[in-house]
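Visitor: upload.cif (mmCIF, C-alpha atoms and all ligand atoms) pasted underneath:
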data_run
#
loop_
_atom_site.group_PDB
_atom_site.id
_atom_site.type_symbol
_atom_site.label_atom_id
_atom_site.label_comp_id
_atom_site.auth_asym_id
_atom_site.auth_seq_id
_atom_site.Cartn_x
_atom_site.Cartn_y
_atom_site.Cartn_z
ATOM 1 C CA MET A 1 44.056 211.370 50.211
ATOM 2 C CA THR A 2 47.431 212.594 49.014
ATOM 3 C CA ALA A 3 48.384 215.964 50.434
ATOM 4 C CA ARG A 4 48.940 219.105 48.457
ATOM 5 C CA ILE A 5 52.614 220.076 48.613
ATOM 6 C CA ILE A 6 53.139 223.587 49.973
ATOM 7 C CA ASP A 7 55.970 224.958 47.833
ATOM 8 C CA GLY A 8 58.023 227.157 50.166
ATOM 9 C CA LYS A 9 60.576 227.867 47.467
ATOM 10 C CA ALA A 10 57.943 229.406 45.201
ATOM 11 C CA VAL A 11 56.242 231.391 47.987
ATOM 12 C CA ALA A 12 59.633 232.666 49.186
ATOM 13 C CA ALA A 13 60.606 233.672 45.625
ATOM 14 C CA ASP A 14 57.425 235.776 45.348
ATOM 15 C CA ILE A 15 58.126 237.502 48.658
ATOM 16 C CA ARG A 16 61.761 238.119 47.746
ATOM 17 C CA GLN A 17 60.706 239.705 44.479
ATOM 18 C CA GLN A 18 58.251 241.935 46.302
ATOM 19 C CA VAL A 19 60.929 242.929 48.852
ATOM 20 C CA ALA A 20 63.382 243.673 46.023
ATOM 21 C CA ALA A 21 60.860 246.098 44.495
ATOM 22 C CA GLU A 22 60.358 247.758 47.893
ATOM 23 C CA VAL A 23 64.130 248.043 48.402
ATOM 24 C CA ALA A 24 64.496 249.742 45.008
ATOM 25 C CA ALA A 25 61.702 252.206 45.838
ATOM 26 C CA PHE A 26 63.140 252.905 49.312
ATOM 27 C CA GLN A 27 66.577 253.479 47.836
ATOM 28 C CA ALA A 28 65.280 255.813 45.131
ATOM 29 C CA GLN A 29 63.439 257.877 47.707
ATOM 30 C CA SER A 30 66.004 257.899 50.562
ATOM 31 C CA GLY A 31 69.337 257.221 48.874
ATOM 32 C CA ILE A 32 69.940 254.491 51.479
ATOM 33 C CA THR A 33 70.892 250.894 50.660
ATOM 34 C CA PRO A 34 69.649 248.579 53.454
ATOM 35 C CA HIS A 35 72.629 246.721 54.883
ATOM 36 C CA LEU A 36 72.690 243.400 56.748
ATOM 37 C CA ALA A 37 75.803 242.481 58.733
ATOM 38 C CA ALA A 38 76.085 238.744 59.411
ATOM 39 C CA VAL A 39 78.391 237.314 62.077
ATOM 40 C CA LEU A 40 79.569 233.728 61.817
ATOM 41 C CA VAL A 41 81.740 232.275 64.570
ATOM 42 C CA GLY A 42 83.527 228.953 63.991
ATOM 43 C CA GLU A 43 83.461 226.374 61.243
ATOM 44 C CA ASP A 44 80.053 224.678 61.525
ATOM 45 C CA PRO A 45 79.443 223.699 57.878
ATOM 46 C CA ALA A 46 75.635 223.931 58.075
ATOM 47 C CA SER A 47 75.826 227.436 59.573
ATOM 48 C CA ALA A 48 78.250 228.484 56.842
ATOM 49 C CA VAL A 49 75.749 227.326 54.195
ATOM 50 C CA TYR A 50 72.825 229.123 55.900
ATOM 51 C CA VAL A 51 74.787 232.374 56.137
ATOM 52 C CA ARG A 52 75.897 232.134 52.509
ATOM 53 C CA ASN A 53 72.282 231.593 51.417
ATOM 54 C CA LYS A 54 71.188 234.614 53.443
ATOM 55 C CA GLN A 55 73.908 236.762 51.872
ATOM 56 C CA ASN A 56 73.075 235.628 48.337
ATOM 57 C CA ALA A 57 69.420 236.440 48.934
ATOM 58 C CA CYS A 58 70.438 239.898 50.180
ATOM 59 C CA SER A 59 72.496 240.655 47.078
ATOM 60 C CA LYS A 60 69.740 239.478 44.740
ATOM 61 C CA ALA A 61 67.196 241.730 46.458
ATOM 62 C CA GLY A 62 69.427 244.815 46.254
ATOM 63 C CA PHE A 63 70.657 244.852 49.870
ATOM 64 C CA LYS A 64 74.221 245.377 50.911
ATOM 65 C CA SER A 65 75.521 242.496 53.012
ATOM 66 C CA THR A 66 78.762 241.983 54.862
ATOM 67 C CA LEU A 67 80.053 238.872 56.585
ATOM 68 C CA HIS A 68 82.152 238.969 59.747
ATOM 69 C CA ARG A 69 83.815 235.569 60.024
ATOM 70 C CA LEU A 70 85.485 234.853 63.335
ATOM 71 C CA PRO A 71 87.487 231.795 64.407
ATOM 72 C CA ALA A 72 85.937 229.242 66.788
ATOM 73 C CA GLU A 73 88.337 230.335 69.566
ATOM 74 C CA THR A 74 87.021 233.929 69.539
ATOM 75 C CA THR A 75 86.390 235.088 73.115
ATOM 76 C CA GLN A 76 82.999 236.296 74.229
ATOM 77 C CA ASP A 77 84.497 239.726 74.915
ATOM 78 C CA ASP A 78 85.811 240.016 71.364
ATOM 79 C CA LEU A 79 82.459 238.960 69.937
ATOM 80 C CA LEU A 80 80.623 241.477 72.138
ATOM 81 C CA LYS A 81 83.070 244.146 70.984
ATOM 82 C CA LEU A 82 82.242 243.416 67.344
ATOM 83 C CA VAL A 83 78.492 243.486 68.055
ATOM 84 C CA ARG A 84 78.867 246.885 69.779
ATOM 85 C CA GLU A 85 80.801 248.209 66.780
ATOM 86 C CA LEU A 86 78.034 247.052 64.463
ATOM 87 C CA ASN A 87 75.435 248.614 66.783
ATOM 88 C CA ALA A 88 77.232 251.954 66.471
ATOM 89 C CA ASP A 89 77.867 251.731 62.721
ATOM 90 C CA ARG A 90 75.315 253.994 61.040
ATOM 91 C CA GLU A 91 75.825 252.186 57.715
ATOM 92 C CA VAL A 92 74.596 248.869 59.190
ATOM 93 C CA HIS A 93 70.828 248.426 59.582
ATOM 94 C CA GLY A 94 70.480 244.766 60.523
ATOM 95 C CA ILE A 95 72.712 242.464 62.600
ATOM 96 C CA LEU A 96 72.461 238.684 62.409
ATOM 97 C CA VAL A 97 74.581 236.528 64.701
ATOM 98 C CA GLN A 98 74.279 233.015 63.331
ATOM 99 C CA LEU A 99 73.453 230.368 65.942
ATOM 100 C CA PRO A 100 74.637 228.087 67.411
ATOM 101 C CA LEU A 101 77.676 229.829 68.861
ATOM 102 C CA PRO A 102 80.667 227.866 70.225
ATOM 103 C CA LYS A 103 80.016 226.411 73.688
ATOM 104 C CA HIS A 104 82.305 228.809 75.588
ATOM 105 C CA ILE A 105 80.188 231.786 74.478
ATOM 106 C CA HIS A 106 77.011 232.656 76.360
ATOM 107 C CA GLU A 107 74.496 232.991 73.539
ATOM 108 C CA GLN A 108 71.995 235.043 75.494
ATOM 109 C CA ALA A 109 74.641 237.616 76.454
ATOM 110 C CA VAL A 110 75.459 238.119 72.780
ATOM 111 C CA LEU A 111 71.837 238.328 71.635
ATOM 112 C CA ASP A 112 71.056 240.779 74.480
ATOM 113 C CA THR A 113 73.833 243.042 73.192
ATOM 114 C CA VAL A 114 72.412 243.457 69.677
ATOM 115 C CA THR A 115 70.641 246.808 69.701
ATOM 116 C CA PRO A 116 66.873 246.172 69.397
ATOM 117 C CA LEU A 117 66.481 248.442 66.343
ATOM 118 C CA LYS A 118 68.929 246.241 64.370
ATOM 119 C CA ASP A 119 67.663 242.898 65.768
ATOM 120 C CA VAL A 120 66.384 241.452 62.481
ATOM 121 C CA ASP A 121 66.151 237.932 64.002
ATOM 122 C CA CYS A 122 63.707 239.291 66.620
ATOM 123 C CA PHE A 123 65.599 237.530 69.418
ATOM 124 C CA HIS A 124 65.965 240.526 71.777
ATOM 125 C CA ALA A 125 63.637 240.580 74.812
ATOM 126 C CA GLU A 126 62.318 244.023 73.827
ATOM 127 C CA ASN A 127 61.282 242.793 70.374
ATOM 128 C CA VAL A 128 59.892 239.493 71.704
ATOM 129 C CA GLY A 129 57.879 241.506 74.249
ATOM 130 C CA LEU A 130 56.477 243.821 71.581
ATOM 131 C CA MET A 131 55.523 240.818 69.453
ATOM 132 C CA VAL A 132 53.798 239.029 72.349
ATOM 133 C CA GLN A 133 51.812 242.187 73.103
ATOM 134 C CA GLY A 134 50.609 242.248 69.484
ATOM 135 C CA ARG A 135 52.503 245.412 68.472
ATOM 136 C CA PRO A 136 55.526 243.941 66.687
ATOM 137 C CA ARG A 137 58.549 245.920 65.519
ATOM 138 C CA PHE A 138 59.969 242.798 63.830
ATOM 139 C CA LEU A 139 58.503 239.310 63.581
ATOM 140 C CA PRO A 140 60.732 236.275 64.147
ATOM 141 C CA CYS A 141 61.749 234.976 60.722
ATOM 142 C CA THR A 142 60.889 231.273 60.847
ATOM 143 C CA PRO A 143 57.483 231.577 62.582
ATOM 144 C CA HIS A 144 56.596 234.495 60.286
ATOM 145 C CA GLY A 145 57.565 232.329 57.318
ATOM 146 C CA VAL A 146 55.288 229.551 58.585
ATOM 147 C CA GLN A 147 52.394 232.012 58.813
ATOM 148 C CA GLN A 148 53.037 233.095 55.223
ATOM 149 C CA LEU A 149 52.880 229.452 54.112
ATOM 150 C CA LEU A 150 49.576 228.990 55.951
ATOM 151 C CA LEU A 151 48.242 232.086 54.152
ATOM 152 C CA ALA A 152 49.575 231.040 50.747
ATOM 153 C CA SER A 153 48.095 227.542 51.088
ATOM 154 C CA GLY A 154 44.666 228.964 51.980
ATOM 155 C CA THR A 155 44.676 227.208 55.352
ATOM 156 C CA GLU A 156 41.876 228.331 57.666
ATOM 157 C CA VAL A 157 43.755 229.215 60.841
ATOM 158 C CA ALA A 158 41.113 231.216 62.732
ATOM 159 C CA GLY A 159 39.383 228.905 65.177
ATOM 160 C CA ALA A 160 41.562 225.943 64.207
ATOM 161 C CA HIS A 161 43.410 223.827 66.748
ATOM 162 C CA ALA A 162 47.126 224.260 66.070
ATOM 163 C CA VAL A 163 49.536 221.938 67.851
ATOM 164 C CA VAL A 164 53.109 223.231 68.002
ATOM 165 C CA LEU A 165 55.774 220.632 68.735
ATOM 166 C CA GLY A 166 58.725 222.289 70.423
ATOM 167 C CA ARG A 167 59.207 225.231 72.789
ATOM 168 C CA SER A 168 62.439 226.732 71.492
ATOM 169 C CA GLU A 169 63.040 230.470 71.671
ATOM 170 C CA ILE A 170 63.650 230.559 67.894
ATOM 171 C CA VAL A 171 60.553 228.692 66.712
ATOM 172 C CA GLY A 172 58.171 226.920 69.096
ATOM 173 C CA LYS A 173 57.595 229.633 71.678
ATOM 174 C CA PRO A 174 57.203 232.622 69.306
ATOM 175 C CA MET A 175 55.239 230.487 66.819
ATOM 176 C CA SER A 176 52.653 229.625 69.460
ATOM 177 C CA MET A 177 52.268 233.255 70.485
ATOM 178 C CA MET A 178 51.861 234.403 66.888
ATOM 179 C CA LEU A 179 49.205 231.787 66.104
ATOM 180 C CA VAL A 180 47.133 232.820 69.096
ATOM 181 C CA GLN A 181 47.213 236.571 68.278
ATOM 182 C CA ARG A 182 44.487 238.437 66.497
ATOM 183 C CA GLY A 183 45.306 238.879 62.808
ATOM 184 C CA ALA A 184 45.950 237.013 59.575
ATOM 185 C CA ALA A 185 47.056 233.368 59.793
ATOM 186 C CA ALA A 186 46.255 233.568 63.509
ATOM 187 C CA ASN A 187 43.313 233.446 65.942
ATOM 188 C CA ALA A 188 44.032 229.740 66.474
ATOM 189 C CA THR A 189 43.590 227.661 69.601
ATOM 190 C CA VAL A 190 47.132 226.585 70.393
ATOM 191 C CA THR A 191 48.604 223.618 72.221
ATOM 192 C CA ILE A 192 52.368 223.551 72.813
ATOM 193 C CA CYS A 193 53.927 220.103 73.169
ATOM 194 C CA HIS A 194 57.483 219.419 74.339
ATOM 195 C CA SER A 195 59.760 216.738 75.713
ATOM 196 C CA ARG A 196 57.807 216.521 78.996
ATOM 197 C CA THR A 197 54.330 216.415 77.437
ATOM 198 C CA ARG A 198 52.215 213.440 78.455
ATOM 199 C CA ASP A 199 50.230 211.651 75.707
ATOM 200 C CA LEU A 200 51.843 213.764 72.985
ATOM 201 C CA ALA A 201 50.559 211.596 70.111
ATOM 202 C CA GLN A 202 47.010 211.892 71.437
ATOM 203 C CA LEU A 203 47.270 215.698 71.435
ATOM 204 C CA VAL A 204 48.770 215.857 67.950
ATOM 205 C CA ARG A 205 45.904 213.668 66.675
ATOM 206 C CA GLN A 206 43.496 216.461 67.673
ATOM 207 C CA ALA A 207 45.299 219.065 65.557
ATOM 208 C CA ASP A 208 43.893 220.749 62.458
ATOM 209 C CA ILE A 209 47.359 222.256 61.976
ATOM 210 C CA VAL A 210 50.592 220.588 63.116
ATOM 211 C CA ILE A 211 53.832 222.583 63.329
ATOM 212 C CA ALA A 212 56.821 220.364 64.027
ATOM 213 C CA ALA A 213 59.939 222.105 65.368
ATOM 214 C CA ILE A 214 61.755 219.665 67.642
ATOM 215 C CA GLY A 215 64.809 218.645 65.621
ATOM 216 C CA GLN A 216 64.113 214.901 65.649
ATOM 217 C CA PRO A 217 64.129 213.136 62.293
ATOM 218 C CA LYS A 218 60.733 211.696 61.240
ATOM 219 C CA PHE A 219 59.331 212.046 64.772
ATOM 220 C CA VAL A 220 55.803 212.825 63.561
ATOM 221 C CA THR A 221 54.336 209.644 62.103
ATOM 222 C CA ALA A 222 51.176 209.081 60.054
ATOM 223 C CA ASP A 223 49.253 207.590 62.991
ATOM 224 C CA MET A 224 49.595 210.930 64.840
ATOM 225 C CA ILE A 225 47.856 212.914 62.097
ATOM 226 C CA LYS A 226 44.135 213.564 61.856
ATOM 227 C CA PRO A 227 43.017 212.950 58.257
ATOM 228 C CA GLY A 228 42.972 216.289 56.399
ATOM 229 C CA ALA A 229 45.272 218.140 58.813
ATOM 230 C CA VAL A 230 47.799 220.667 57.493
ATOM 231 C CA VAL A 231 51.381 219.743 58.425
ATOM 232 C CA ILE A 232 54.236 222.260 58.535
ATOM 233 C CA ASP A 233 57.695 220.765 59.053
ATOM 234 C CA VAL A 234 60.284 223.160 60.473
ATOM 235 C CA GLY A 235 62.898 220.446 61.137
ATOM 236 C CA ILE A 236 66.109 220.148 59.169
ATOM 237 C CA ASN A 237 68.009 217.052 60.319
ATOM 238 C CA ARG A 238 71.037 215.571 58.649
ATOM 239 C CA VAL A 239 70.778 211.759 58.510
ATOM 240 C CA GLY A 240 73.844 210.440 56.699
ATOM 241 C CA GLU A 241 73.884 212.300 53.398
ATOM 242 C CA GLU A 242 70.193 213.113 53.529
ATOM 243 C CA LEU A 243 68.275 216.099 54.931
ATOM 244 C CA VAL A 244 65.050 215.023 56.620
ATOM 245 C CA GLY A 245 62.416 216.927 58.515
ATOM 246 C CA ASP A 246 60.736 216.220 61.857
ATOM 247 C CA VAL A 247 57.875 214.620 59.925
ATOM 248 C CA ASP A 248 57.788 211.189 58.280
ATOM 249 C CA TYR A 249 56.950 212.916 54.990
ATOM 250 C CA GLU A 250 56.215 209.918 52.729
ATOM 251 C CA ALA A 251 53.680 208.379 55.121
ATOM 252 C CA VAL A 252 52.185 211.601 56.496
ATOM 253 C CA LYS A 253 51.463 213.032 53.037
ATOM 254 C CA GLU A 254 48.965 210.190 52.530
ATOM 255 C CA VAL A 255 46.929 211.395 55.531
ATOM 256 C CA ALA A 256 47.366 215.185 55.574
ATOM 257 C CA SER A 257 45.553 217.610 53.241
ATOM 258 C CA ALA A 258 48.650 219.789 52.783
ATOM 259 C CA ILE A 259 52.287 219.429 53.817
ATOM 260 C CA THR A 260 55.625 221.221 53.484
ATOM 261 C CA PRO A 261 58.606 219.285 52.095
ATOM 262 C CA VAL A 262 62.147 219.321 53.528
ATOM 263 C CA PRO A 263 64.078 220.885 51.898
ATOM 264 C CA GLY A 264 62.013 223.456 49.983
ATOM 265 C CA GLY A 265 59.367 224.184 52.616
ATOM 266 C CA VAL A 266 59.980 226.414 55.619
ATOM 267 C CA GLY A 267 63.741 226.921 55.050
ATOM 268 C CA PRO A 268 63.488 229.363 52.114
ATOM 269 C CA MET A 269 60.799 231.302 53.988
ATOM 270 C CA THR A 270 63.112 232.081 56.912
ATOM 271 C CA ILE A 271 65.440 233.886 54.510
ATOM 272 C CA ALA A 272 62.625 235.780 52.786
ATOM 273 C CA MET A 273 61.323 237.056 56.121
ATOM 274 C CA LEU A 274 64.836 238.070 57.191
ATOM 275 C CA LEU A 275 65.004 240.318 54.125
ATOM 276 C CA LYS A 276 61.662 241.867 55.065
ATOM 277 C CA ASN A 277 62.968 242.616 58.584
ATOM 278 C CA THR A 278 66.185 244.121 57.239
ATOM 279 C CA LEU A 279 64.203 246.523 55.062
ATOM 280 C CA THR A 280 62.013 247.381 58.074
ATOM 281 C CA ALA A 281 65.168 248.036 60.133
ATOM 282 C CA ALA A 282 66.535 250.391 57.455
ATOM 283 C CA ARG A 283 63.203 252.214 57.324
ATOM 284 C CA ILE A 284 63.059 252.624 61.115
ATOM 285 C CA GLN A 285 66.635 253.878 61.325
ATOM 286 C CA SER A 286 66.138 256.370 58.508
ATOM 287 C CA GLY A 287 63.018 257.690 60.240
ATOM 288 C CA ASN A 288 61.000 256.532 57.251
HETATM 289 N N1 LIG B 1 70.300 229.272 63.519
HETATM 290 C C1 LIG B 1 69.238 228.520 63.137
HETATM 291 N N2 LIG B 1 68.224 229.322 62.765
HETATM 292 C C2 LIG B 1 68.636 230.581 62.920
HETATM 293 C C3 LIG B 1 68.016 231.855 62.690
HETATM 294 O O1 LIG B 1 66.860 231.983 62.281
HETATM 295 N N3 LIG B 1 68.801 232.930 62.962
HETATM 296 C C4 LIG B 1 70.056 232.831 63.430
HETATM 297 N N4 LIG B 1 70.721 233.947 63.680
HETATM 298 N N5 LIG B 1 70.654 231.666 63.655
HETATM 299 C C5 LIG B 1 69.935 230.558 63.391
#
Let me see the structure of the file written as C-alpha cells.

Guide:
Amino acid sequence: MTARIIDGKAVAADIRQQVAAEVAAFQAQSGITPHLAAVLVGEDPASAVYVRNKQNACSKAGFKSTLHRLPAETTQDDLLKLVRELNADREVHGILVQLPLPKHIHEQAVLDTVTPLKDVDCFHAENVGLMVQGRPRFLPCTPHGVQQLLLASGTEVAGAHAVVLGRSEIVGKPMSMMLVQRGAAANATVTICHSRTRDLAQLVRQADIVIAAIGQPKFVTADMIKPGAVVIDVGINRVGEELVGDVDYEAVKEVASAITPVPGGVGPMTIAMLLKNTLTAARIQSGN
C-alpha cells in the first residue's frame, strides 16, 4: 500500500480563507481590526522565518500584525516590560513570543506574563487548564492543526489507539489531552511515549494513529508502523540543507494508509490555527 498524502498546505489555505471571511465580517460589524503582536528575540534564522510566515499570513487574512524585534542580549526584565506594555495596549489582541528564547531568559516567566486573554499560543496555565477541562478559550495551535488534518483526511479517531511520541508543553502533552477529550477528532485511547519509555517501538506498532513530535530526524521507521496506520509528522529537523521530519517518510509511506509530508504537512496548519485564535482573542476583548 502507498499512503495517501495529507496536504497540510491545502487544508491550511482553506482555513485561512475561511478566517479571512470571518475577519472581514467581524470588522464590518465592530469596526475592529484584529491585531497580532509578535515578539522575536535574537537572531535564530529558523525563528525569523517562522515569524515572517506568521506575519504574512496575518496580512493576507486582513489582520494587523506588528513585529517587536529585540537583540539577543535583551534582559529578561526588558522583555517582561515589553510584554506588559502589549498586555495593556488596547489595540493589541494577540501576543506571540516566538520560542526558543535566548538561554539567559526564563521562558516560563515570560509566558506566564502574557495576559491569558491575549495568549494566542495557548501556553498560559489558565488556558492550558481550561483546555484540559474540556472548556477551551483557545486551543494550542499545532495540536489543533493536527486535529484538523485528522478531520480533513477522514481519519476515524473515536475509539482509535493514538500513540503520541513526545511530551513537550507545545505539542506532545496538549496533543494527548486533546485526543482523549470528547469531541471531533478526539475520543481516542492515547498512549504517550517519551525518552524514558520502555519498548517504544512495540507500543508504536499498536497505533492506529501515530503523532511524532520528538525533534529527531527519521526516528519513526517503517518497521514501527502497523499496516494502514495514519501517520502525522510534527517534526521539522534541519539535516544539512534539507528539512526532514521525525518520520522516515519514504519508507513509512509504503506501510501507512495516510501520512503528512515535511514540509507541507503540519507546519502550515500551526499558522492557520494561530489566525483563528487571534480572531477569537479580538472577539473576546471586544465583548463580541
Ligand atoms: N516555536 C516553535 N513553535 C512555536 C509556536 O507554536 N509558538 C511559538 N510562540 N513559538 C514556537

Visitor: Which residue, A:Gln216, A:Thr221, A:Thr33, A:Asn87, has the smallest gap to Val244 (chain A) when you use all atoms listed in the file?

Guide: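 For Val244 (chain A), the nearest of the given residues is A:Gln216.
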
Visitor: Smallest atom-to-atom distance to Glu107 (chain A): which of A:Ser153, A:Gln76, A:Gln133, A:Thr66, using all atoms listed in the file?

Guide: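 Smallest distance to Glu107 (chain A) is found for A:Gln76.
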
Visitor: All residues within 10 Å of ligand LIG 1 (chain B) are required, counting all atoms listed in the file; please report them as a PyMOL selection string.

Guide: chain A and resi 38-40+46-47+50-51+54+95-101+111+119-123+140-143+170-171+236+267+270-271+273-274

Visitor: Suppose you want the space between CA of Thr2 (chain A) and CA of Phe219 (chain A); what is it in Å?

Guide: 19.8 Å

Visitor: Applied to the shown file, which residues does the PyMOL selection byres (((chain A and resi 276) around 10) and not hetatm) return, written as a list in words?

Guide: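 With the PyMOL selection byres (((chain A and resi 276) around 10) and not hetatm) on this model, the match is Ile15, Arg16, Gln18, Val19, Ala20, Glu22, Val23, Val120, Phe138, Leu139, Cys141, Ile271, Ala272, Met273, Leu274, Leu275, Asn277, Thr278, Leu279, Thr280 and Ala281 of chain A.
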
Visitor: Name the closest residue to Arg137 (chain A) among the candidates A:Ala152, A:Val163, A:Ala201, A:Ala125; distances are taken between atoms, counting only C-alpha atoms.

Guide: A:Ala125

Visitor: Decode the PyMOL selection byres (((chain A and resi 286) around 12) and not hetatm) for the given file into explicit residues and return them as number ranges by chain.

Guide: A: 26-27, 29-34, 90-93, 117, 279-285, 287-288

Visitor: Please write as a list of chain:residue names the list of polymer residues whose atoms come within 10 Å of (45.0, 223.3, 63.5), counting all atoms listed in the file and keeping to the coordinates of the file.

Guide: A:Thr155, A:Glu156, A:Val157, A:Ala158, A:Gly159, A:Ala160, A:His161, A:Ala162, A:Val163, A:Val164, A:Leu179, A:Ala188, A:Thr189, A:Val190, A:Thr191, A:Val204, A:Gln206, A:Ala207, A:Asp208, A:Ile209, A:Val210, A:Ile211, A:Lys226, A:Ala229, A:Val230, A:Val231

Visitor: How would region 50-64 of chain A read, as a PDB file, in the coordinates of the input, once N, CA, C and O atoms are built in?

Guide:
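The resulting file, selection.pdb, is reproduced below:
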ATOM      1  N   TYR A  50      73.979 228.252  55.627  1.00  0.00           N
ATOM      2  CA  TYR A  50      72.825 229.123  55.900  1.00  0.00           C
ATOM      3  C   TYR A  50      73.202 230.583  55.702  1.00  0.00           C
ATOM      4  O   TYR A  50      72.472 231.349  55.091  1.00  0.00           O
ATOM      5  N   VAL A  51      74.376 230.963  56.224  1.00  0.00           N
ATOM      6  CA  VAL A  51      74.787 232.374  56.137  1.00  0.00           C
ATOM      7  C   VAL A  51      75.042 232.751  54.677  1.00  0.00           C
ATOM      8  O   VAL A  51      74.658 233.838  54.229  1.00  0.00           O
ATOM      9  N   ARG A  52      75.654 231.845  53.924  1.00  0.00           N
ATOM     10  CA  ARG A  52      75.897 232.134  52.509  1.00  0.00           C
ATOM     11  C   ARG A  52      74.566 232.331  51.778  1.00  0.00           C
ATOM     12  O   ARG A  52      74.408 233.252  50.971  1.00  0.00           O
ATOM     13  N   ASN A  53      73.598 231.460  52.063  1.00  0.00           N
ATOM     14  CA  ASN A  53      72.282 231.593  51.417  1.00  0.00           C
ATOM     15  C   ASN A  53      71.628 232.928  51.768  1.00  0.00           C
ATOM     16  O   ASN A  53      71.009 233.572  50.920  1.00  0.00           O
ATOM     17  N   LYS A  54      71.769 233.339  53.018  1.00  0.00           N
ATOM     18  CA  LYS A  54      71.188 234.614  53.443  1.00  0.00           C
ATOM     19  C   LYS A  54      71.860 235.771  52.698  1.00  0.00           C
ATOM     20  O   LYS A  54      71.205 236.708  52.247  1.00  0.00           O
ATOM     21  N   GLN A  55      73.180 235.689  52.565  1.00  0.00           N
ATOM     22  CA  GLN A  55      73.908 236.762  51.872  1.00  0.00           C
ATOM     23  C   GLN A  55      73.562 236.824  50.392  1.00  0.00           C
ATOM     24  O   GLN A  55      73.393 237.916  49.838  1.00  0.00           O
ATOM     25  N   ASN A  56      73.449 235.648  49.760  1.00  0.00           N
ATOM     26  CA  ASN A  56      73.075 235.628  48.337  1.00  0.00           C
ATOM     27  C   ASN A  56      71.694 236.242  48.139  1.00  0.00           C
ATOM     28  O   ASN A  56      71.470 237.010  47.199  1.00  0.00           O
ATOM     29  N   ALA A  57      70.782 235.900  49.037  1.00  0.00           N
ATOM     30  CA  ALA A  57      69.420 236.440  48.934  1.00  0.00           C
ATOM     31  C   ALA A  57      69.449 237.954  49.086  1.00  0.00           C
ATOM     32  O   ALA A  57      68.729 238.671  48.381  1.00  0.00           O
ATOM     33  N   CYS A  58      70.294 238.444  49.987  1.00  0.00           N
ATOM     34  CA  CYS A  58      70.438 239.898  50.180  1.00  0.00           C
ATOM     35  C   CYS A  58      70.888 240.559  48.884  1.00  0.00           C
ATOM     36  O   CYS A  58      70.280 241.534  48.433  1.00  0.00           O
ATOM     37  N   SER A  59      71.961 240.035  48.299  1.00  0.00           N
ATOM     38  CA  SER A  59      72.496 240.655  47.078  1.00  0.00           C
ATOM     39  C   SER A  59      71.442 240.682  45.985  1.00  0.00           C
ATOM     40  O   SER A  59      71.255 241.696  45.317  1.00  0.00           O
ATOM     41  N   LYS A  60      70.727 239.555  45.819  1.00  0.00           N
ATOM     42  CA  LYS A  60      69.740 239.478  44.740  1.00  0.00           C
ATOM     43  C   LYS A  60      68.600 240.472  44.936  1.00  0.00           C
ATOM     44  O   LYS A  60      67.979 240.890  43.971  1.00  0.00           O
ATOM     45  N   ALA A  61      68.322 240.817  46.204  1.00  0.00           N
ATOM     46  CA  ALA A  61      67.196 241.730  46.458  1.00  0.00           C
ATOM     47  C   ALA A  61      67.663 243.181  46.559  1.00  0.00           C
ATOM     48  O   ALA A  61      66.871 244.060  46.886  1.00  0.00           O
ATOM     49  N   GLY A  62      68.941 243.438  46.279  1.00  0.00           N
ATOM     50  CA  GLY A  62      69.427 244.815  46.254  1.00  0.00           C
ATOM     51  C   GLY A  62      69.939 245.339  47.588  1.00  0.00           C
ATOM     52  O   GLY A  62      70.177 246.534  47.734  1.00  0.00           O
ATOM     53  N   PHE A  63      70.090 244.449  48.575  1.00  0.00           N
ATOM     54  CA  PHE A  63      70.657 244.852  49.870  1.00  0.00           C
ATOM     55  C   PHE A  63      72.180 244.832  49.771  1.00  0.00           C
ATOM     56  O   PHE A  63      72.753 244.105  48.957  1.00  0.00           O
ATOM     57  N   LYS A  64      72.797 245.571  50.687  1.00  0.00           N
ATOM     58  CA  LYS A  64      74.221 245.377  50.911  1.00  0.00           C
ATOM     59  C   LYS A  64      74.347 244.327  52.018  1.00  0.00           C
ATOM     60  O   LYS A  64      73.541 244.319  52.954  1.00  0.00           O
TER      61      LYS A  64
END
